[in-house]
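Everything below concerns the one structure shown next.
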Amino acid sequence: MTQTTSRVLEPSDLDAALAILDRDPVANAFVTARVQIAGLDPWRLGGEMWGWYEHGMLTSLCYAGANLVPICATQRAVRAFADRARRAGRRCSSIVGPAGPTAQLWRLLEPGWGPAREVRTHQPLMVADRLPDDMAPDPYVRRVRKDEVERIMPACVAMFTEEVGISPMAGDGGLLYQARVAELVGSGRSFARFDADGKVVFKAEIGAATDRACQIQGVWVAPEYRGKGLAAPGMAAVLRYALTDVAPVASLYVNDFNTAARRTYLRVGFQEVGAFMSVLF
């Protein structure tokens, strides 16, 4: 093997790849969770895992699937990943990852892949490893049952559309998205509070989970219930489930312009530890 090179990893590279992912269990939770379940076989993983080698040692990764995600990527690794991505052509719907490497990757890819639909340059990455002392969890927030997938789906679609700017029902009629929601409900990682009429007033999911960290996503309050103090107790309830049942640390990342959400997460005890960046196509 040459001193520096990039290549598509194979199933036999699994241990080396997991060692890289384990360097930052919080930031890498999304990809680590996928790799722990699926290994490195591209068909099962839903994409390729690219590796960058220096002096014959694997030092950086890039997940290339529905998202393009640089992992522990040095500047030289990012340049190699950008070259590979340019040659392959854009197949992802977003580039997302730690802000520094993601910004560099986008600078290299933008001339060929741009313009993006939206670029979110600074998304604070926040973590919590304990429950807040002064915020009682909402007792009405509970796990969504398997027979409630159809009740939670409109709220999930509304949240996604609001957050991403396009409906998840576009393209394939929402088949993949509905399957993902059903998977989270089935694995006990979807949480909601329902009103007396059975309508979702608050919801969130634990999207990625490893034994070291999990990631909370899809936090949403029904528009008519916003400003009524539901978000913080709801998040405290989801955090309790996360820390009790899933992992010792919970994380999330949030748009820097979403000041209400950032304030809520701080109230529940989340602390900023870094920043992500997302490029949406």
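As shown in the structure tokens, the chain order sets the letters A, B, ...; within each chain, residues go from 1, and ligands are also counted from 1 in the order they appear.
Within the 8 Å cut-off around range 177-186 of chain A, using only C-alpha atoms and omitting residues fewer than 3 positions from it on the same chain, the listed residues are A:Arg143, A:Val144, A:Arg145, A:Lys146, A:Val149, A:Met153, A:Cys156, A:Pro168, A:Met169, A:Gly174, A:Arg189, A:Ser190, A:Glu205, A:Ile206, A:Gly207.
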(request) Excluding Val201 in chain A and residues on its chain fewer than 5 positions from it, collect all residues at most 12 Å away from it, counting only C-alpha atoms, and give them as an MDAnalysis selection string. (result) chainID A and resid 140:141 151:152 154:156 158:159 191:196 219:226 228:231 234
(message) Write out as an NGL selection string the set of residues from range 53-250 of chain A that DSSP, computed on the backbone, places in strand (DSSP E).
(response) :A and (53-54 or 57-64 or 67-71 or 94-98 or 118-128 or 142-143 or 190-194 or 200-209 or 214-221 or 250)
(message) Considering only alpha helix (DSSP H) as DSSP defines it on the backbone, what residues of range 143-266 of chain A qualify? List them as a PyMOL selection string.
(response) chain A and resi 149-164+170-173+175-186+231-241+259-266
(message) I'd like the neighbourhood of Val26 in chain A as number ranges by chain, where a residue qualifies if any of its atoms comes within 12 Å (using only C-alpha atoms), though same-chain residues fewer than 6 positions away should be ignored.
(response) A: 32-33, 71, 97-98, 125-129, 208-216, 247-253, 272-276
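CA of Gln123 in chain A is positioned 9.5 Å from CA of Asn258 in chain A.
Neighbouring residues of Gly46 in chain A at 10 Å or closer, counting only C-alpha atoms and skipping chain neighbours under 2 positions away, are A:Arg34, A:Val35, A:Ala38, A:Leu40, A:Asp41, A:Pro42, A:Trp43, A:Arg44, A:Glu48, A:Met49, A:Tyr63, A:Ala64, A:Gly65, A:Ala66, A:Asn67.
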(message) Using Å and a single decimal, report how far CA of Phe257 in chain A sits from CA of Gly269 in chain A.
(response) 19.3 Å
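Minimum atom-to-atom distance to Gly100 in chain A, evaluated using only C-alpha atoms, belongs to A:Ser278 out of A:Ala170, A:Thr259, A:Leu239, A:Ser278.
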